[in-house]
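What follows is query_19.cif (mmCIF, N, CA, C and O atoms).
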data_final
#
loop_
_atom_site.group_PDB
_atom_site.id
_atom_site.type_symbol
_atom_site.label_atom_id
_atom_site.label_comp_id
_atom_site.auth_asym_id
_atom_site.auth_seq_id
_atom_site.Cartn_x
_atom_site.Cartn_y
_atom_site.Cartn_z
ATOM 1 N N MET A 32 -9.224 4.868 14.872
ATOM 2 C CA MET A 32 -8.769 3.836 13.956
ATOM 3 C C MET A 32 -7.288 3.557 14.246
ATOM 4 O O MET A 32 -6.461 4.456 14.218
ATOM 5 N N HIS A 33 -6.987 2.327 14.546
ATOM 6 C CA HIS A 33 -5.632 1.942 14.931
ATOM 7 C C HIS A 33 -4.624 2.135 13.800
ATOM 8 O O HIS A 33 -3.448 2.410 14.055
ATOM 9 N N GLU A 34 -5.074 1.978 12.571
ATOM 10 C CA GLU A 34 -4.160 2.125 11.437
ATOM 11 C C GLU A 34 -3.595 3.539 11.364
ATOM 12 O O GLU A 34 -2.431 3.739 11.051
ATOM 13 N N LEU A 35 -4.436 4.548 11.647
ATOM 14 C CA LEU A 35 -3.970 5.933 11.630
ATOM 15 C C LEU A 35 -2.967 6.197 12.748
ATOM 16 O O LEU A 35 -1.982 6.903 12.555
ATOM 17 N N ALA A 36 -3.227 5.608 13.916
ATOM 18 C CA ALA A 36 -2.295 5.768 15.038
ATOM 19 C C ALA A 36 -0.954 5.127 14.707
ATOM 20 O O ALA A 36 0.106 5.700 14.983
ATOM 21 N N ALA A 37 -0.999 3.935 14.120
ATOM 22 C CA ALA A 37 0.242 3.251 13.736
ATOM 23 C C ALA A 37 1.007 4.073 12.703
ATOM 24 O O ALA A 37 2.230 4.229 12.809
ATOM 25 N N LEU A 38 0.292 4.620 11.733
ATOM 26 C CA LEU A 38 0.931 5.439 10.707
ATOM 27 C C LEU A 38 1.648 6.624 11.347
ATOM 28 O O LEU A 38 2.801 6.918 11.017
ATOM 29 N N ALA A 39 0.997 7.271 12.303
ATOM 30 C CA ALA A 39 1.609 8.424 12.982
ATOM 31 C C ALA A 39 2.873 8.020 13.738
ATOM 32 O O ALA A 39 3.882 8.738 13.692
ATOM 33 N N VAL A 40 2.831 6.889 14.419
ATOM 34 C CA VAL A 40 4.004 6.427 15.179
ATOM 35 C C VAL A 40 5.157 6.092 14.236
ATOM 36 O O VAL A 40 6.307 6.496 14.479
ATOM 37 N N PHE A 41 4.868 5.368 13.166
ATOM 38 C CA PHE A 41 5.925 5.016 12.216
ATOM 39 C C PHE A 41 6.551 6.270 11.611
ATOM 40 O O PHE A 41 7.769 6.362 11.464
ATOM 41 N N ARG A 42 5.715 7.252 11.259
ATOM 42 C CA ARG A 42 6.251 8.487 10.691
ATOM 43 C C ARG A 42 7.095 9.242 11.714
ATOM 44 O O ARG A 42 8.151 9.764 11.384
ATOM 45 N N GLU A 43 6.597 9.315 12.949
ATOM 46 C CA GLU A 43 7.312 10.028 14.009
ATOM 47 C C GLU A 43 8.709 9.462 14.230
ATOM 48 O O GLU A 43 9.661 10.192 14.477
ATOM 49 N N HIS A 44 8.839 8.145 14.096
ATOM 50 C CA HIS A 44 10.117 7.481 14.350
ATOM 51 C C HIS A 44 10.909 7.186 13.075
ATOM 52 O O HIS A 44 11.971 6.559 13.148
ATOM 53 N N GLY A 45 10.383 7.614 11.933
ATOM 54 C CA GLY A 45 11.106 7.437 10.675
ATOM 55 C C GLY A 45 11.195 6.000 10.205
ATOM 56 O O GLY A 45 12.139 5.637 9.507
ATOM 57 N N ILE A 46 10.220 5.192 10.574
ATOM 58 C CA ILE A 46 10.211 3.780 10.163
ATOM 59 C C ILE A 46 9.406 3.681 8.871
ATOM 60 O O ILE A 46 8.184 3.523 8.871
ATOM 61 N N ARG A 47 10.111 3.812 7.764
ATOM 62 C CA ARG A 47 9.456 3.944 6.454
ATOM 63 C C ARG A 47 8.690 2.687 6.041
ATOM 64 O O ARG A 47 7.604 2.789 5.489
ATOM 65 N N ARG A 48 9.253 1.511 6.283
ATOM 66 C CA ARG A 48 8.537 0.291 5.886
ATOM 67 C C ARG A 48 7.228 0.173 6.663
ATOM 68 O O ARG A 48 6.193 -0.187 6.104
ATOM 69 N N GLY A 49 7.248 0.495 7.943
ATOM 70 C CA GLY A 49 6.025 0.486 8.741
ATOM 71 C C GLY A 49 5.021 1.502 8.237
ATOM 72 O O GLY A 49 3.809 1.248 8.223
ATOM 73 N N GLU A 50 5.523 2.655 7.805
ATOM 74 C CA GLU A 50 4.652 3.675 7.224
ATOM 75 C C GLU A 50 3.952 3.135 5.979
ATOM 76 O O GLU A 50 2.734 3.276 5.821
ATOM 77 N N GLY A 51 4.720 2.500 5.120
ATOM 78 C CA GLY A 51 4.136 1.938 3.899
ATOM 79 C C GLY A 51 3.116 0.849 4.196
ATOM 80 O O GLY A 51 2.043 0.805 3.590
ATOM 81 N N MET A 52 3.441 -0.025 5.142
ATOM 82 C CA MET A 52 2.503 -1.093 5.498
ATOM 83 C C MET A 52 1.223 -0.520 6.116
ATOM 84 O O MET A 52 0.126 -1.027 5.866
ATOM 85 N N SER A 53 1.356 0.544 6.899
ATOM 86 C CA SER A 53 0.168 1.192 7.466
ATOM 87 C C SER A 53 -0.699 1.789 6.362
ATOM 88 O O SER A 53 -1.929 1.701 6.413
ATOM 89 N N LEU A 54 -0.057 2.380 5.376
ATOM 90 C CA LEU A 54 -0.812 2.920 4.240
ATOM 91 C C LEU A 54 -1.549 1.810 3.495
ATOM 92 O O LEU A 54 -2.703 1.994 3.075
ATOM 93 N N LEU A 55 -0.901 0.650 3.354
ATOM 94 C CA LEU A 55 -1.586 -0.474 2.710
ATOM 95 C C LEU A 55 -2.777 -0.952 3.543
ATOM 96 O O LEU A 55 -3.816 -1.312 2.992
ATOM 97 N N SER A 56 -2.636 -0.947 4.862
ATOM 98 C CA SER A 56 -3.760 -1.324 5.727
ATOM 99 C C SER A 56 -4.913 -0.342 5.572
ATOM 100 O O SER A 56 -6.084 -0.743 5.519
ATOM 101 N N LEU A 57 -4.591 0.935 5.495
ATOM 102 C CA LEU A 57 -5.630 1.939 5.273
ATOM 103 C C LEU A 57 -6.290 1.754 3.904
ATOM 104 O O LEU A 57 -7.501 1.951 3.756
ATOM 105 N N ALA A 58 -5.500 1.367 2.907
ATOM 106 C CA ALA A 58 -6.053 1.096 1.575
ATOM 107 C C ALA A 58 -7.033 -0.072 1.632
ATOM 108 O O ALA A 58 -8.099 -0.034 1.005
ATOM 109 N N THR A 59 -6.704 -1.095 2.393
ATOM 110 C CA THR A 59 -7.604 -2.244 2.556
ATOM 111 C C THR A 59 -8.901 -1.811 3.224
ATOM 112 O O THR A 59 -9.991 -2.237 2.812
ATOM 113 N N CYS A 60 -8.797 -0.961 4.228
ATOM 114 C CA CYS A 60 -9.999 -0.450 4.902
ATOM 115 C C CYS A 60 -10.861 0.340 3.921
ATOM 116 O O CYS A 60 -12.092 0.185 3.902
ATOM 117 N N ALA A 61 -10.228 1.189 3.123
ATOM 118 C CA ALA A 61 -10.970 1.982 2.141
ATOM 119 C C ALA A 61 -11.661 1.074 1.125
ATOM 120 O O ALA A 61 -12.820 1.293 0.758
ATOM 121 N N ARG A 62 -10.952 0.040 0.678
ATOM 122 C CA ARG A 62 -11.524 -0.902 -0.286
ATOM 123 C C ARG A 62 -12.735 -1.615 0.306
ATOM 124 O O ARG A 62 -13.740 -1.831 -0.368
ATOM 125 N N SER A 63 -12.675 -1.938 1.597
ATOM 126 C CA SER A 63 -13.804 -2.629 2.239
ATOM 127 C C SER A 63 -15.024 -1.717 2.361
ATOM 128 O O SER A 63 -16.141 -2.204 2.495
ATOM 129 N N ARG A 64 -14.807 -0.395 2.303
ATOM 130 C CA ARG A 64 -15.911 0.571 2.312
ATOM 131 C C ARG A 64 -16.361 0.916 0.896
ATOM 132 O O ARG A 64 -17.144 1.834 0.694
ATOM 133 N N ASP A 65 -15.805 0.211 -0.091
ATOM 134 C CA ASP A 65 -16.067 0.483 -1.506
ATOM 135 C C ASP A 65 -15.598 1.868 -1.937
ATOM 136 O O ASP A 65 -16.133 2.443 -2.885
ATOM 137 N N ASP A 66 -14.605 2.404 -1.238
ATOM 138 C CA ASP A 66 -14.005 3.677 -1.612
ATOM 139 C C ASP A 66 -12.736 3.378 -2.407
ATOM 140 O O ASP A 66 -11.619 3.473 -1.910
ATOM 141 N N HIS A 67 -12.949 3.002 -3.651
ATOM 142 C CA HIS A 67 -11.839 2.526 -4.476
ATOM 143 C C HIS A 67 -10.864 3.631 -4.863
ATOM 144 O O HIS A 67 -9.671 3.368 -5.017
ATOM 145 N N ALA A 68 -11.351 4.856 -4.989
ATOM 146 C CA ALA A 68 -10.455 5.966 -5.320
ATOM 147 C C ALA A 68 -9.470 6.213 -4.176
ATOM 148 O O ALA A 68 -8.270 6.382 -4.397
ATOM 149 N N ASP A 69 -9.971 6.225 -2.938
ATOM 150 C CA ASP A 69 -9.104 6.414 -1.781
ATOM 151 C C ASP A 69 -8.147 5.235 -1.626
ATOM 152 O O ASP A 69 -6.962 5.420 -1.334
ATOM 153 N N ALA A 70 -8.649 4.019 -1.859
ATOM 154 C CA ALA A 70 -7.804 2.825 -1.757
ATOM 155 C C ALA A 70 -6.654 2.898 -2.757
ATOM 156 O O ALA A 70 -5.505 2.603 -2.414
ATOM 157 N N ALA A 71 -6.950 3.321 -3.970
ATOM 158 C CA ALA A 71 -5.909 3.427 -4.994
ATOM 159 C C ALA A 71 -4.887 4.492 -4.620
ATOM 160 O O ALA A 71 -3.678 4.283 -4.766
ATOM 161 N N ALA A 72 -5.351 5.628 -4.111
ATOM 162 C CA ALA A 72 -4.436 6.701 -3.724
ATOM 163 C C ALA A 72 -3.528 6.266 -2.569
ATOM 164 O O ALA A 72 -2.321 6.536 -2.583
ATOM 165 N N LEU A 73 -4.095 5.585 -1.581
ATOM 166 C CA LEU A 73 -3.306 5.101 -0.454
ATOM 167 C C LEU A 73 -2.288 4.052 -0.898
ATOM 168 O O LEU A 73 -1.140 4.053 -0.436
ATOM 169 N N SER A 74 -2.694 3.179 -1.799
ATOM 170 C CA SER A 74 -1.762 2.169 -2.327
ATOM 171 C C SER A 74 -0.611 2.823 -3.075
ATOM 172 O O SER A 74 0.546 2.415 -2.929
ATOM 173 N N ARG A 75 -0.917 3.850 -3.865
ATOM 174 C CA ARG A 75 0.149 4.557 -4.592
ATOM 175 C C ARG A 75 1.120 5.219 -3.621
ATOM 176 O O ARG A 75 2.335 5.190 -3.832
ATOM 177 N N ARG A 76 0.591 5.808 -2.550
ATOM 178 C CA ARG A 76 1.467 6.426 -1.544
ATOM 179 C C ARG A 76 2.360 5.377 -0.887
ATOM 180 O O ARG A 76 3.543 5.613 -0.660
ATOM 181 N N ALA A 77 1.790 4.207 -0.602
ATOM 182 C CA ALA A 77 2.578 3.126 -0.003
ATOM 183 C C ALA A 77 3.684 2.692 -0.955
ATOM 184 O O ALA A 77 4.841 2.518 -0.542
ATOM 185 N N ILE A 78 3.351 2.531 -2.214
ATOM 186 C CA ILE A 78 4.345 2.120 -3.210
ATOM 187 C C ILE A 78 5.461 3.157 -3.304
ATOM 188 O O ILE A 78 6.639 2.805 -3.387
ATOM 189 N N ASP A 79 5.105 4.436 -3.245
ATOM 190 C CA ASP A 79 6.126 5.491 -3.271
ATOM 191 C C ASP A 79 7.076 5.362 -2.084
ATOM 192 O O ASP A 79 8.288 5.547 -2.219
ATOM 193 N N VAL A 80 6.520 5.061 -0.908
ATOM 194 C CA VAL A 80 7.354 4.873 0.286
ATOM 195 C C VAL A 80 8.298 3.700 0.074
ATOM 196 O O VAL A 80 9.502 3.798 0.327
ATOM 197 N N PHE A 81 7.761 2.577 -0.395
ATOM 198 C CA PHE A 81 8.597 1.393 -0.600
ATOM 199 C C PHE A 81 9.694 1.649 -1.627
ATOM 200 O O PHE A 81 10.829 1.201 -1.457
ATOM 201 N N ARG A 82 9.371 2.377 -2.680
ATOM 202 C CA ARG A 82 10.388 2.704 -3.686
ATOM 203 C C ARG A 82 11.481 3.583 -3.094
ATOM 204 O O ARG A 82 12.652 3.440 -3.443
ATOM 205 N N SER A 83 11.092 4.488 -2.203
ATOM 206 C CA SER A 83 12.071 5.413 -1.622
ATOM 207 C C SER A 83 13.102 4.689 -0.755
ATOM 208 O O SER A 83 14.205 5.202 -0.547
ATOM 209 N N ILE A 84 12.759 3.507 -0.256
ATOM 210 C CA ILE A 84 13.701 2.737 0.559
ATOM 211 C C ILE A 84 14.184 1.485 -0.174
ATOM 212 O O ILE A 84 14.801 0.613 0.422
ATOM 213 N N ASP A 85 13.873 1.411 -1.460
ATOM 214 C CA ASP A 85 14.296 0.301 -2.313
ATOM 215 C C ASP A 85 13.848 -1.048 -1.752
ATOM 216 O O ASP A 85 14.612 -2.002 -1.703
ATOM 217 N N ASP A 86 12.584 -1.095 -1.326
ATOM 218 C CA ASP A 86 11.991 -2.324 -0.789
ATOM 219 C C ASP A 86 11.087 -2.916 -1.875
ATOM 220 O O ASP A 86 9.894 -2.658 -1.922
ATOM 221 N N ARG A 87 11.684 -3.682 -2.748
ATOM 222 C CA ARG A 87 10.948 -4.202 -3.901
ATOM 223 C C ARG A 87 9.888 -5.224 -3.521
ATOM 224 O O ARG A 87 8.841 -5.307 -4.142
ATOM 225 N N TRP A 88 10.161 -6.021 -2.500
ATOM 226 C CA TRP A 88 9.179 -7.022 -2.079
ATOM 227 C C TRP A 88 7.899 -6.331 -1.630
ATOM 228 O O TRP A 88 6.800 -6.692 -2.050
ATOM 229 N N SER A 89 8.027 -5.343 -0.756
ATOM 230 C CA SER A 89 6.847 -4.636 -0.264
ATOM 231 C C SER A 89 6.181 -3.839 -1.381
ATOM 232 O O SER A 89 4.955 -3.722 -1.428
ATOM 233 N N GLU A 90 6.990 -3.291 -2.271
ATOM 234 C CA GLU A 90 6.432 -2.577 -3.423
ATOM 235 C C GLU A 90 5.544 -3.502 -4.242
ATOM 236 O O GLU A 90 4.431 -3.134 -4.632
ATOM 237 N N ALA A 91 6.011 -4.705 -4.481
ATOM 238 C CA ALA A 91 5.212 -5.676 -5.233
ATOM 239 C C ALA A 91 3.949 -6.054 -4.463
ATOM 240 O O ALA A 91 2.887 -6.244 -5.047
ATOM 241 N N TRP A 92 4.065 -6.158 -3.150
ATOM 242 C CA TRP A 92 2.906 -6.496 -2.316
ATOM 243 C C TRP A 92 1.825 -5.439 -2.447
ATOM 244 O O TRP A 92 0.629 -5.729 -2.414
ATOM 245 N N GLY A 93 2.227 -4.179 -2.597
ATOM 246 C CA GLY A 93 1.266 -3.090 -2.686
ATOM 247 C C GLY A 93 0.731 -2.835 -4.074
ATOM 248 O O GLY A 93 -0.231 -2.092 -4.241
ATOM 249 N N ALA A 94 1.347 -3.450 -5.066
ATOM 250 C CA ALA A 94 0.911 -3.224 -6.445
ATOM 251 C C ALA A 94 -0.430 -3.897 -6.708
ATOM 252 O O ALA A 94 -0.720 -4.956 -6.156
ATOM 253 N N PRO A 95 -1.255 -3.261 -7.541
ATOM 254 C CA PRO A 95 -2.537 -3.895 -7.869
ATOM 255 C C PRO A 95 -2.314 -5.194 -8.646
ATOM 256 O O PRO A 95 -1.308 -5.329 -9.347
ATOM 257 N N PRO A 96 -3.233 -6.139 -8.503
ATOM 258 C CA PRO A 96 -3.064 -7.406 -9.235
ATOM 259 C C PRO A 96 -3.129 -7.178 -10.740
ATOM 260 O O PRO A 96 -3.850 -6.306 -11.211
ATOM 261 N N ARG A 97 -2.352 -7.942 -11.451
ATOM 262 C CA ARG A 97 -2.376 -7.855 -12.914
ATOM 263 C C ARG A 97 -3.514 -8.702 -13.448
ATOM 264 O O ARG A 97 -3.818 -9.759 -12.926
ATOM 265 N N ARG A 98 -4.098 -8.222 -14.500
ATOM 266 C CA ARG A 98 -5.165 -8.986 -15.140
ATOM 267 C C ARG A 98 -4.562 -10.052 -16.038
ATOM 268 O O ARG A 98 -3.547 -9.841 -16.668
ATOM 269 N N LYS A 99 -5.231 -11.181 -16.068
ATOM 270 C CA LYS A 99 -4.781 -12.238 -16.975
ATOM 271 C C LYS A 99 -5.156 -11.848 -18.395
ATOM 272 O O LYS A 99 -6.262 -11.375 -18.656
ATOM 273 N N SER A 100 -4.222 -12.059 -19.284
ATOM 274 C CA SER A 100 -4.526 -11.746 -20.683
ATOM 275 C C SER A 100 -5.188 -12.949 -21.331
ATOM 276 O O SER A 100 -4.931 -14.101 -20.977
ATOM 277 N N ARG A 101 -6.040 -12.660 -22.247
ATOM 278 C CA ARG A 101 -6.698 -13.719 -22.998
ATOM 279 C C ARG A 101 -5.877 -14.025 -24.225
ATOM 280 O O ARG A 101 -5.468 -13.139 -24.960
ATOM 281 N N ARG A 102 -5.642 -15.269 -24.439
ATOM 282 C CA ARG A 102 -4.870 -15.681 -25.606
ATOM 283 C C ARG A 102 -5.826 -16.120 -26.710
ATOM 284 O O ARG A 102 -6.779 -16.830 -26.444
ATOM 285 N N ALA A 103 -5.486 -15.708 -27.891
ATOM 286 C CA ALA A 103 -6.279 -16.164 -29.035
ATOM 287 C C ALA A 103 -5.984 -17.633 -29.263
ATOM 288 O O ALA A 103 -4.860 -18.073 -29.145
ATOM 289 N N GLY A 104 -7.018 -18.346 -29.521
ATOM 290 C CA GLY A 104 -6.606 -19.675 -29.689
ATOM 291 C C GLY A 104 -7.531 -20.654 -30.106
ATOM 292 O O GLY A 104 -7.611 -21.719 -30.255
#
Rewrite the structure of this file - the entire thing - as structure tokens.
Amino acid sequence: MHELAALAVFREHGIRRGEGMSLLSLATCARSRDDHADAAALSRRAIDVFRSIDDRWSEAWGAPPRRKSRRAG
């Protein structure tokens, strides 16, 4: 799996944003296999990486979508 190889290279070279993006790619792969628990765990790890480098844009990209609230009306 190319995503795992990319993750290893990014970690080896200390490229944190690449590490986080690789984790998000792995989360997408897990989601496509209907492995939602693994996808959620990988997304959380990616978000932790992005927070550690103060990359708010990427952190938001990795966050789960918010549900629309229903308004009484």
- Message: If DSSP is run on the backbone, what residues of chain A are alpha helix (DSSP H)? A reply as an MDAnalysis selection string would be ideal.
- Response: chainID A and resid 33:43 47:63 67:83 87:93
With all atoms of segment 42-58 of chain A from the file as input, state the centre and edge lengths in Å to one decimal of the axis-aligned box that has 3 Å extra on each side, as JSON.
{"center_x": 2.0, "center_y": 4.4, "center_z": 7.7, "size_x": 26.2, "size_y": 17.5, "size_z": 19.5}
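Residue nearest Ile84 of chain A, chosen from A:Arg64, A:Leu38, A:His33, A:Arg48 and counting all atoms listed in the file: A:Arg48.
Note that the spacing between atom C of Asp66 of chain A and atom C of His44 of chain A amounts to 28.5 Å.
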- Query: With only N, CA, C and O atoms as the atoms that count, which of A:Ala39, A:Leu73, A:Glu90, A:Ile78 lies nearest to Thr59 of chain A?
  - Reply: A:Leu73
- Message: Can you measure atom CA of Ala70 of chain A to atom CA of Leu57 of chain A for me? One decimal in Å is fine.
- Response: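 Distance reported for this atom pair: 7.4 Å.
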- Any idea what's packed within 7 Å of Ala77 of chain A, counting only N, CA, C and O atoms, ignoring anything in its chain fewer than 5 positions away? Could you give it as a list in words?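 So, after excluding close chain neighbours, the residues are Arg47, Glu50, Gly51, Met52, Leu54, Leu55, Ala71, Ala72, Arg82, Ser83, Ser89, Glu90 and Gly93 of chain A.
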Limited to N, CA, C and O atoms, could you put the picked residues into a file as a PDB file, keeping the file's coordinate frame?
ATOM      1  N   ARG A  47      10.111   3.812   7.764  1.00  0.00           N
ATOM      2  CA  ARG A  47       9.456   3.944   6.454  1.00  0.00           C
ATOM      3  C   ARG A  47       8.690   2.687   6.041  1.00  0.00           C
ATOM      4  O   ARG A  47       7.604   2.789   5.489  1.00  0.00           O
ATOM      5  N   GLU A  50       5.523   2.655   7.805  1.00  0.00           N
ATOM      6  CA  GLU A  50       4.652   3.675   7.224  1.00  0.00           C
ATOM      7  C   GLU A  50       3.952   3.135   5.979  1.00  0.00           C
ATOM      8  O   GLU A  50       2.734   3.276   5.821  1.00  0.00           O
ATOM      9  N   GLY A  51       4.720   2.500   5.120  1.00  0.00           N
ATOM     10  CA  GLY A  51       4.136   1.938   3.899  1.00  0.00           C
ATOM     11  C   GLY A  51       3.116   0.849   4.196  1.00  0.00           C
ATOM     12  O   GLY A  51       2.043   0.805   3.590  1.00  0.00           O
ATOM     13  N   MET A  52       3.441  -0.025   5.142  1.00  0.00           N
ATOM     14  CA  MET A  52       2.503  -1.093   5.498  1.00  0.00           C
ATOM     15  C   MET A  52       1.223  -0.520   6.116  1.00  0.00           C
ATOM     16  O   MET A  52       0.126  -1.027   5.866  1.00  0.00           O
ATOM     17  N   LEU A  54      -0.057   2.380   5.376  1.00  0.00           N
ATOM     18  CA  LEU A  54      -0.812   2.920   4.240  1.00  0.00           C
ATOM     19  C   LEU A  54      -1.549   1.810   3.495  1.00  0.00           C
ATOM     20  O   LEU A  54      -2.703   1.994   3.075  1.00  0.00           O
ATOM     21  N   LEU A  55      -0.901   0.650   3.354  1.00  0.00           N
ATOM     22  CA  LEU A  55      -1.586  -0.474   2.710  1.00  0.00           C
ATOM     23  C   LEU A  55      -2.777  -0.952   3.543  1.00  0.00           C
ATOM     24  O   LEU A  55      -3.816  -1.312   2.992  1.00  0.00           O
ATOM     25  N   ALA A  71      -6.950   3.321  -3.970  1.00  0.00           N
ATOM     26  CA  ALA A  71      -5.909   3.427  -4.994  1.00  0.00           C
ATOM     27  C   ALA A  71      -4.887   4.492  -4.620  1.00  0.00           C
ATOM     28  O   ALA A  71      -3.678   4.283  -4.766  1.00  0.00           O
ATOM     29  N   ALA A  72      -5.351   5.628  -4.111  1.00  0.00           N
ATOM     30  CA  ALA A  72      -4.436   6.701  -3.724  1.00  0.00           C
ATOM     31  C   ALA A  72      -3.528   6.266  -2.569  1.00  0.00           C
ATOM     32  O   ALA A  72      -2.321   6.536  -2.583  1.00  0.00           O
ATOM     33  N   ARG A  82       9.371   2.377  -2.680  1.00  0.00           N
ATOM     34  CA  ARG A  82      10.388   2.704  -3.686  1.00  0.00           C
ATOM     35  C   ARG A  82      11.481   3.583  -3.094  1.00  0.00           C
ATOM     36  O   ARG A  82      12.652   3.440  -3.443  1.00  0.00           O
ATOM     37  N   SER A  83      11.092   4.488  -2.203  1.00  0.00           N
ATOM     38  CA  SER A  83      12.071   5.413  -1.622  1.00  0.00           C
ATOM     39  C   SER A  83      13.102   4.689  -0.755  1.00  0.00           C
ATOM     40  O   SER A  83      14.205   5.202  -0.547  1.00  0.00           O
ATOM     41  N   SER A  89       8.027  -5.343  -0.756  1.00  0.00           N
ATOM     42  CA  SER A  89       6.847  -4.636  -0.264  1.00  0.00           C
ATOM     43  C   SER A  89       6.181  -3.839  -1.381  1.00  0.00           C
ATOM     44  O   SER A  89       4.955  -3.722  -1.428  1.00  0.00           O
ATOM     45  N   GLU A  90       6.990  -3.291  -2.271  1.00  0.00           N
ATOM     46  CA  GLU A  90       6.432  -2.577  -3.423  1.00  0.00           C
ATOM     47  C   GLU A  90       5.544  -3.502  -4.242  1.00  0.00           C
ATOM     48  O   GLU A  90       4.431  -3.134  -4.632  1.00  0.00           O
ATOM     49  N   GLY A  93       2.227  -4.179  -2.597  1.00  0.00           N
ATOM     50  CA  GLY A  93       1.266  -3.090  -2.686  1.00  0.00           C
ATOM     51  C   GLY A  93       0.731  -2.835  -4.074  1.00  0.00           C
ATOM     52  O   GLY A  93      -0.231  -2.092  -4.241  1.00  0.00           O
TER      53      GLY A  93
END
- Query: In Å, with one decimal, what is the gap from atom O of Leu35 of chain A to atom CA of Asp85 of chain A?
  - Reply: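 Here the two named atoms are 23.0 Å from each other.
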- Message: For a quick check of understanding, using only C-alpha atoms, which of A:Phe81, A:Trp88, A:Ala68, A:Ala94 has the smallest distance to Ile46 of chain A?
- Response: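 Closest residue, counting only C-alpha atoms: A:Phe81.
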- Query: What lies within 10 Å of Ala36 of chain A using only C-alpha atoms, ignoring chain neighbours under 5 positions off, as an NGL selection string?
  - Reply: :A and (41-42 or 53)
